[in-house]
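Asker: Take a look at this one; I'll ask things after.
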Amino acid sequence: MGGIGDPELRVVIAGGGPAGLSVAVNMRSVDVVVYERARKLGHPPHCAGIVSPATAKRLGAIVPELVEAVYNRTVFLDGALREICSIEARPLAFKISRPGLEEYLASRAEALGHRVVRGAYVSGYSIEKGKRGLRVKIRLGSSVDVIEADWLVVATGAQTWWKSRGCKRLLGVEARVSLSKRIIDDSAFYTIHSTPLAPGFFAWVAPLHGGRVATLGLAGGTPGTLMERLKTLIGLVSKHFAPVSRVLEVRSGIILGGPPVEEVLQKHVAMIGDVLCASKPFTGGGLYAVSLLAKPLAEAIEKERFEPLRSIWHDLRRELLSQYLLTRMIRSRDRLVALALSTVCKELKGCKVDFDKHTSLVKCYLLKLAKSLRSISTRR
Ligand SMILES: Cc1cc2nc3c(=O)[nH]c(=O)nc-3n(C[C@H](O)[C@H](O)[C@H](O)COP(=O)(O)OP(=O)(O)OC[C@H]3O[C@@H](n4cnc5c(N)ncnc54)[C@H](O)[C@@H]3O)c2cc1C
């Protein structure tokens, strides 16, 4: 197998979503081909694209053509759209265009000389003895090609032949709507915590274009009632935010709830993105893990040094696993969600809000609690 600087090292990336393309843009000295099953990158679209500033930066996505909105506040609402509480940070989150992100990353990968083949389905692979060690099957229209490669990066997302066992999957749906009046506070995005609307998850409203457009979505519950519940959400938004004048687009997809898989590497095969079940379990945000793993994964393959990647995955997995357990605990009761959210808002003044590391809030809360207990005991 070739090493760094060896142009003979061939990497096949299955999947031209944010995960596969982010790995490609971080590779320099190898022959990289990305195979994407869709003819148009990022289609059909399936993501709200709300990420922390740090994640947006790591993805290289803070560019005017990709940033659709910047939010300084997130507001938690109950089923009647009454405010439970809110959190602020400047900025708190970015809304990144999807599929704009895929198109942007692909143009960067192609500028590096990598190939991005659209309409090509990776249907399997086998490990063989020989120079390259791997044979990857690609279906292009009615013909099937077998490509020899040194590495296969599996980045085929949540809807794929590659299934991570035990991974919790929720169907999500999102509509982009135009509004006949503007949403007054368009610097905030809103999450609605209501079991009838989004059992085991939440619904969201993200204003765009100065509040004249919004994306609204929800996940969880029985797939058969999803569109009915989306209609209810549109009704609630019309009543409490601004009247919805037109539904511009509806998109759907799978949101993952964890737990993350154990290994990021197997012989000749690396994994990244939703195939790792690496979403943040409370919000379903998967771009955070993609942004953290893409560069180390590319470097591991190029430099043939795998320990840094394993160590990053070990830490990230531990964080996501803690979030998974915390989420399971909180979502076991409706009232616990409201209690947890109001605790986060009220008790955590002075704690640094990390949009991605939810467990940092628990740590901060426990430290504050220990401090106040200590001051009570010294007063006595
Ligand atoms: C409704 C909804 C809202 C979401 N909102 C957010 C959010 O606000 N913030 C956030 O961080 N995350 C969000 N997510 C999650 C986010 O979309 C995913 O975590 C992210 O897209 C994962 O990237 P990926 O590249 O692993 O997978 P994908 O984006 O699914 O990309 C995988 C690609 O691989 C291709 N593919 C699949 N199989 C094959 C094959 N065999 N051969 C070739 N190509 C193949 C697919 O066509 C696809 O283009 C949301 C998801 C949904 C459904």
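Ligands are numbered from 1 in the order shown, chains are lettered A, B, ... in the order of the structure tokens, and residues start at 1 in each chain.
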How close does chain A get to ligand 1? List, as a tab-separated table, each residue of chain A within 6 Å, its nearest atom pair and the distance in Å to one decimal, counting only C-alpha atoms and all ligand atoms.

Answerer:
```
residue	atom	partner	partner_atom_place_in_ligand_line	distance
A:Ala14	CA	ligand 1	43 (C)	4.8
A:Gly15	CA	ligand 1	34 (O)	3.2
A:Gly16	CA	ligand 1	33 (C)	4.9
A:Gly17	CA	ligand 1	31 (O)	3.4
A:Pro18	CA	ligand 1	25 (O)	4.1
A:Ala19	CA	ligand 1	25 (O)	3.7
A:Gly20	CA	ligand 1	25 (O)	5.7
A:Tyr35	CA	ligand 1	43 (C)	5.2
A:Glu36	CA	ligand 1	44 (N)	3.8
A:Arg37	CA	ligand 1	44 (N)	3.9
A:Ala38	CA	ligand 1	47 (O)	5.1
A:Gly42	CA	ligand 1	49 (O)	5.2
A:His46	CA	ligand 1	53 (C)	4.8
A:Cys47	CA	ligand 1	3 (C)	3.7
A:Ala48	CA	ligand 1	5 (N)	3.9
A:Gly49	CA	ligand 1	8 (O)	4.0
A:Ile50	CA	ligand 1	8 (O)	3.7
A:Val51	CA	ligand 1	9 (N)	5.3
A:Ala120	CA	ligand 1	43 (C)	5.9
A:Tyr121	CA	ligand 1	42 (N)	3.7
A:Val122	CA	ligand 1	42 (N)	3.8
A:Ser123	CA	ligand 1	41 (N)	5.4
A:Ala155	CA	ligand 1	26 (O)	5.3
A:Thr156	CA	ligand 1	34 (O)	3.6
A:Gly157	CA	ligand 1	27 (O)	3.4
A:Ala158	CA	ligand 1	30 (O)	5.6
A:Thr160	CA	ligand 1	38 (N)	4.7
A:Gly172	CA	ligand 1	1 (C)	4.5
A:Val173	CA	ligand 1	1 (C)	5.0
A:Glu174	CA	ligand 1	1 (C)	5.5
A:Ser252	CA	ligand 1	1 (C)	5.4
A:Gly253	CA	ligand 1	53 (C)	3.6
A:Ile254	CA	ligand 1	53 (C)	4.3
A:Ile255	CA	ligand 1	53 (C)	4.7
A:Gly273	CA	ligand 1	26 (O)	3.3
A:Asp274	CA	ligand 1	26 (O)	4.0
A:Ser279	CA	ligand 1	19 (O)	6.0
A:Gly284	CA	ligand 1	14 (N)	5.9
A:Gly285	CA	ligand 1	10 (C)	3.4
A:Gly286	CA	ligand 1	19 (O)	3.1
A:Leu287	CA	ligand 1	11 (O)	3.8
A:Tyr288	CA	ligand 1	11 (O)	5.8
```

Asker: Take the selection from the previous step and output its residues with C-alpha atoms, as a PDB file, in the first residue's frame.

Answerer:
```
ATOM      1  CA  ALA A  14     -19.116   5.882  -1.181  1.00  0.00           C
ATOM      2  CA  GLY A  15     -21.576   8.761  -0.746  1.00  0.00           C
ATOM      3  CA  GLY A  16     -21.334  12.405  -1.803  1.00  0.00           C
ATOM      4  CA  GLY A  17     -23.062  13.904   1.243  1.00  0.00           C
ATOM      5  CA  PRO A  18     -21.339  16.274   3.684  1.00  0.00           C
ATOM      6  CA  ALA A  19     -19.410  13.372   5.256  1.00  0.00           C
ATOM      7  CA  GLY A  20     -17.916  11.862   2.087  1.00  0.00           C
ATOM      8  CA  TYR A  35     -19.342   7.955  -5.971  1.00  0.00           C
ATOM      9  CA  GLU A  36     -22.756   9.485  -5.312  1.00  0.00           C
ATOM     10  CA  ARG A  37     -25.937   7.600  -6.095  1.00  0.00           C
ATOM     11  CA  ALA A  38     -28.002  10.731  -6.840  1.00  0.00           C
ATOM     12  CA  GLY A  42     -27.713  16.646  -1.995  1.00  0.00           C
ATOM     13  CA  HIS A  46     -33.219  16.255   3.952  1.00  0.00           C
ATOM     14  CA  CYS A  47     -31.700  18.548   6.536  1.00  0.00           C
ATOM     15  CA  ALA A  48     -32.366  21.792   8.418  1.00  0.00           C
ATOM     16  CA  GLY A  49     -28.630  22.599   8.450  1.00  0.00           C
ATOM     17  CA  ILE A  50     -28.576  24.263  11.873  1.00  0.00           C
ATOM     18  CA  VAL A  51     -25.095  23.992  13.361  1.00  0.00           C
ATOM     19  CA  ALA A 120     -23.103   5.944  -9.325  1.00  0.00           C
ATOM     20  CA  TYR A 121     -24.250   3.458  -6.695  1.00  0.00           C
ATOM     21  CA  VAL A 122     -21.675   1.586  -4.584  1.00  0.00           C
ATOM     22  CA  SER A 123     -23.306  -1.800  -4.108  1.00  0.00           C
ATOM     23  CA  ALA A 155     -20.250   7.766   3.945  1.00  0.00           C
ATOM     24  CA  THR A 156     -23.609   6.607   2.665  1.00  0.00           C
ATOM     25  CA  GLY A 157     -25.741   8.260   5.366  1.00  0.00           C
ATOM     26  CA  ALA A 158     -28.746   6.933   7.238  1.00  0.00           C
ATOM     27  CA  THR A 160     -28.147   2.873   3.016  1.00  0.00           C
ATOM     28  CA  GLY A 172     -38.373  13.618  10.132  1.00  0.00           C
ATOM     29  CA  VAL A 173     -40.197  16.017   7.825  1.00  0.00           C
ATOM     30  CA  GLU A 174     -39.557  19.672   7.092  1.00  0.00           C
ATOM     31  CA  SER A 252     -38.075  14.316   4.683  1.00  0.00           C
ATOM     32  CA  GLY A 253     -35.377  12.016   5.975  1.00  0.00           C
ATOM     33  CA  ILE A 254     -34.082   9.912   8.816  1.00  0.00           C
ATOM     34  CA  ILE A 255     -32.851  11.492  12.028  1.00  0.00           C
ATOM     35  CA  GLY A 273     -21.230  10.526   9.141  1.00  0.00           C
ATOM     36  CA  ASP A 274     -24.641   8.991   9.724  1.00  0.00           C
ATOM     37  CA  SER A 279     -25.765  12.326  15.604  1.00  0.00           C
ATOM     38  CA  GLY A 284     -30.340  14.687  15.849  1.00  0.00           C
ATOM     39  CA  GLY A 285     -27.623  17.025  14.531  1.00  0.00           C
ATOM     40  CA  GLY A 286     -25.133  14.926  12.565  1.00  0.00           C
ATOM     41  CA  LEU A 287     -22.916  17.621  11.046  1.00  0.00           C
ATOM     42  CA  TYR A 288     -21.010  18.149  14.311  1.00  0.00           C
TER      43      TYR A 288
END
```

Asker: Please provide as a PyMOL selection string all residues within 12 Å of Thr225 of chain A, with the sequence filter that same-chain residues fewer than 6 positions apart are discarded (counting only C-alpha atoms).

Answerer: chain A and resi 171-173+196-199+218-219+231-232

Asker: For the selection just defined, write its residues with C-alpha atoms to a file, as a tab-separated table (two decimals), in the first residue's frame.

Answerer:
```tsv
chain	number	residue	atom	x	y	z
A	171	LEU	CA	-38.51	9.83	10.45
A	172	GLY	CA	-38.37	13.62	10.13
A	173	VAL	CA	-40.20	16.02	7.82
A	196	PRO	CA	-48.80	14.87	20.41
A	197	LEU	CA	-46.85	16.86	17.81
A	198	ALA	CA	-43.47	15.12	17.90
A	199	PRO	CA	-43.42	12.07	20.22
A	218	LEU	CA	-40.77	17.73	13.27
A	219	ALA	CA	-39.66	14.16	13.83
A	231	LYS	CA	-50.24	20.29	8.89
A	232	THR	CA	-50.99	20.85	12.59
```

Asker: I need the residue nearest Val75 of chain A from this list: A:Leu341, A:Thr191, A:Ile312, A:Ala56. Use only C-alpha atoms for the distance.

Answerer: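 Once distances to Val75 of chain A are computed over only C-alpha atoms, the minimum belongs to A:Thr191.
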
Asker: Tell me which protein, DNA and RNA residues are within 10 Å of segment 267-272 of chain A, counting only C-alpha atoms, leaving out same-chain ones fewer than 3 positions away, and put them as a count of residues only.

Answerer: 40

Asker: Go through A:Asp356, A:Glu102, A:Glu299, A:Glu347 one by one, measure the shortest atom-to-atom distance of each to Leu59 of chain A using only C-alpha atoms, and give the residue with the smallest value.

Answerer: A:Glu102

Asker: Can you build me a table of segment 318-348 of chain A residues sitting at most 8 Å from segment 76-97 of chain A, with the closest atom pair per residue and its distance in Å to one decimal, using only C-alpha atoms, sorted by chain and residue number, as a tab-separated table?

Answerer:
```
residue	atom	partner	partner_atom	distance
A:Ala338	CA	A:Ile84	CA	6.9
A:Leu341	CA	A:Cys85	CA	7.3
A:Ser342	CA	A:Cys85	CA	6.0
A:Cys345	CA	A:Ile87	CA	6.1
```

Asker: Any chance you can output those residues with N, CA and C atoms as a short mmCIF file (atom, residue, chain, number, x, y, z; two decimals), in the first residue's frame?

Answerer:
```cif
data_model
loop_
_atom_site.label_atom_id
_atom_site.label_comp_id
_atom_site.auth_asym_id
_atom_site.auth_seq_id
_atom_site.Cartn_x
_atom_site.Cartn_y
_atom_site.Cartn_z
N ALA A 338 -39.52 19.54 29.98
CA ALA A 338 -39.75 20.95 30.34
C ALA A 338 -38.89 21.32 31.55
N LEU A 341 -35.23 21.61 30.47
CA LEU A 341 -34.99 22.82 29.69
C LEU A 341 -35.03 24.06 30.58
N SER A 342 -36.00 24.12 31.50
CA SER A 342 -36.04 25.32 32.35
C SER A 342 -34.85 25.34 33.31
N CYS A 345 -32.01 26.76 31.32
CA CYS A 345 -32.11 28.22 31.13
C CYS A 345 -31.88 28.99 32.43
#
```

Asker: Using DSSP on the backbone, list every residue of segment 44-97 of chain A that comes out as strand (DSSP E or B), and give them as a list in words.

Answerer: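 The residues of segment 44-97 of chain A classed as strand (DSSP E or B) are Ile50, Val51, Val67, Glu68, Ala69, Val70, Tyr71, Asn72, Arg73, Thr74, Val75, Phe76, Leu77, Asp78, Glu83, Ile84, Cys85, Ser86, Ile87, Glu88, Ala89, Arg90, Pro91, Leu92, Ala93, Phe94, Lys95 and Ile96 of chain A.
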
Asker: Include C-alpha atoms and write out the residues we just selected as a PDB file, in the first residue's frame.

Answerer:
```pdb
ATOM      1  CA  ILE A  50     -28.576  24.263  11.873  1.00  0.00           C
ATOM      2  CA  VAL A  51     -25.095  23.992  13.361  1.00  0.00           C
ATOM      3  CA  VAL A  67     -25.135  30.952   5.407  1.00  0.00           C
ATOM      4  CA  GLU A  68     -28.931  31.314   5.223  1.00  0.00           C
ATOM      5  CA  ALA A  69     -29.368  32.727   8.739  1.00  0.00           C
ATOM      6  CA  VAL A  70     -27.484  33.501  11.948  1.00  0.00           C
ATOM      7  CA  TYR A  71     -29.324  32.948  15.248  1.00  0.00           C
ATOM      8  CA  ASN A  72     -28.478  34.532  18.601  1.00  0.00           C
ATOM      9  CA  ARG A  73     -31.209  32.891  20.637  1.00  0.00           C
ATOM     10  CA  THR A  74     -33.021  29.583  20.859  1.00  0.00           C
ATOM     11  CA  VAL A  75     -36.489  29.607  22.380  1.00  0.00           C
ATOM     12  CA  PHE A  76     -38.007  26.472  23.919  1.00  0.00           C
ATOM     13  CA  LEU A  77     -41.815  26.292  23.619  1.00  0.00           C
ATOM     14  CA  ASP A  78     -44.441  23.904  24.951  1.00  0.00           C
ATOM     15  CA  GLU A  83     -42.308  29.980  26.072  1.00  0.00           C
ATOM     16  CA  ILE A  84     -40.643  27.591  28.553  1.00  0.00           C
ATOM     17  CA  CYS A  85     -37.422  29.609  28.423  1.00  0.00           C
ATOM     18  CA  SER A  86     -34.620  30.676  26.085  1.00  0.00           C
ATOM     19  CA  ILE A  87     -30.823  30.635  25.733  1.00  0.00           C
ATOM     20  CA  GLU A  88     -28.674  33.311  24.134  1.00  0.00           C
ATOM     21  CA  ALA A  89     -25.184  33.492  22.664  1.00  0.00           C
ATOM     22  CA  ARG A  90     -23.708  35.720  19.972  1.00  0.00           C
ATOM     23  CA  PRO A  91     -23.814  33.932  17.613  1.00  0.00           C
ATOM     24  CA  LEU A  92     -25.525  30.783  18.892  1.00  0.00           C
ATOM     25  CA  ALA A  93     -26.029  28.941  15.597  1.00  0.00           C
ATOM     26  CA  PHE A  94     -25.802  29.180  11.816  1.00  0.00           C
ATOM     27  CA  LYS A  95     -28.292  27.841   9.321  1.00  0.00           C
ATOM     28  CA  ILE A  96     -26.297  26.386   6.455  1.00  0.00           C
TER      29      ILE A  96
END
```

Asker: Using only C-alpha atoms for the distances, tell me which of A:Leu256, A:Leu309, A:Leu179, A:Ile184 is nearest to Gly220 of chain A.

Answerer: A:Leu256

Asker: Could you pull out the helix (DSSP H, G or I) residues of segment 116-322 of chain A from DSSP and send them as an MDAnalysis selection string?

Answerer: chainID A and resid 209:211 223:240 273:276 287:303 307:322

Asker: Rank A:Lys163, A:Thr55, A:Arg229, A:Gly200 by their smallest atom-to-atom distance to Arg333 of chain A, using only C-alpha atoms, and report the top residue only.

Answerer: A:Gly200

Asker: Could you check the closest approach to Val136 of chain A for each of A:Asp186, A:Glu307, A:Glu319, A:Glu148 and tell me which residue wins, using only C-alpha atoms?

Answerer: A:Glu148
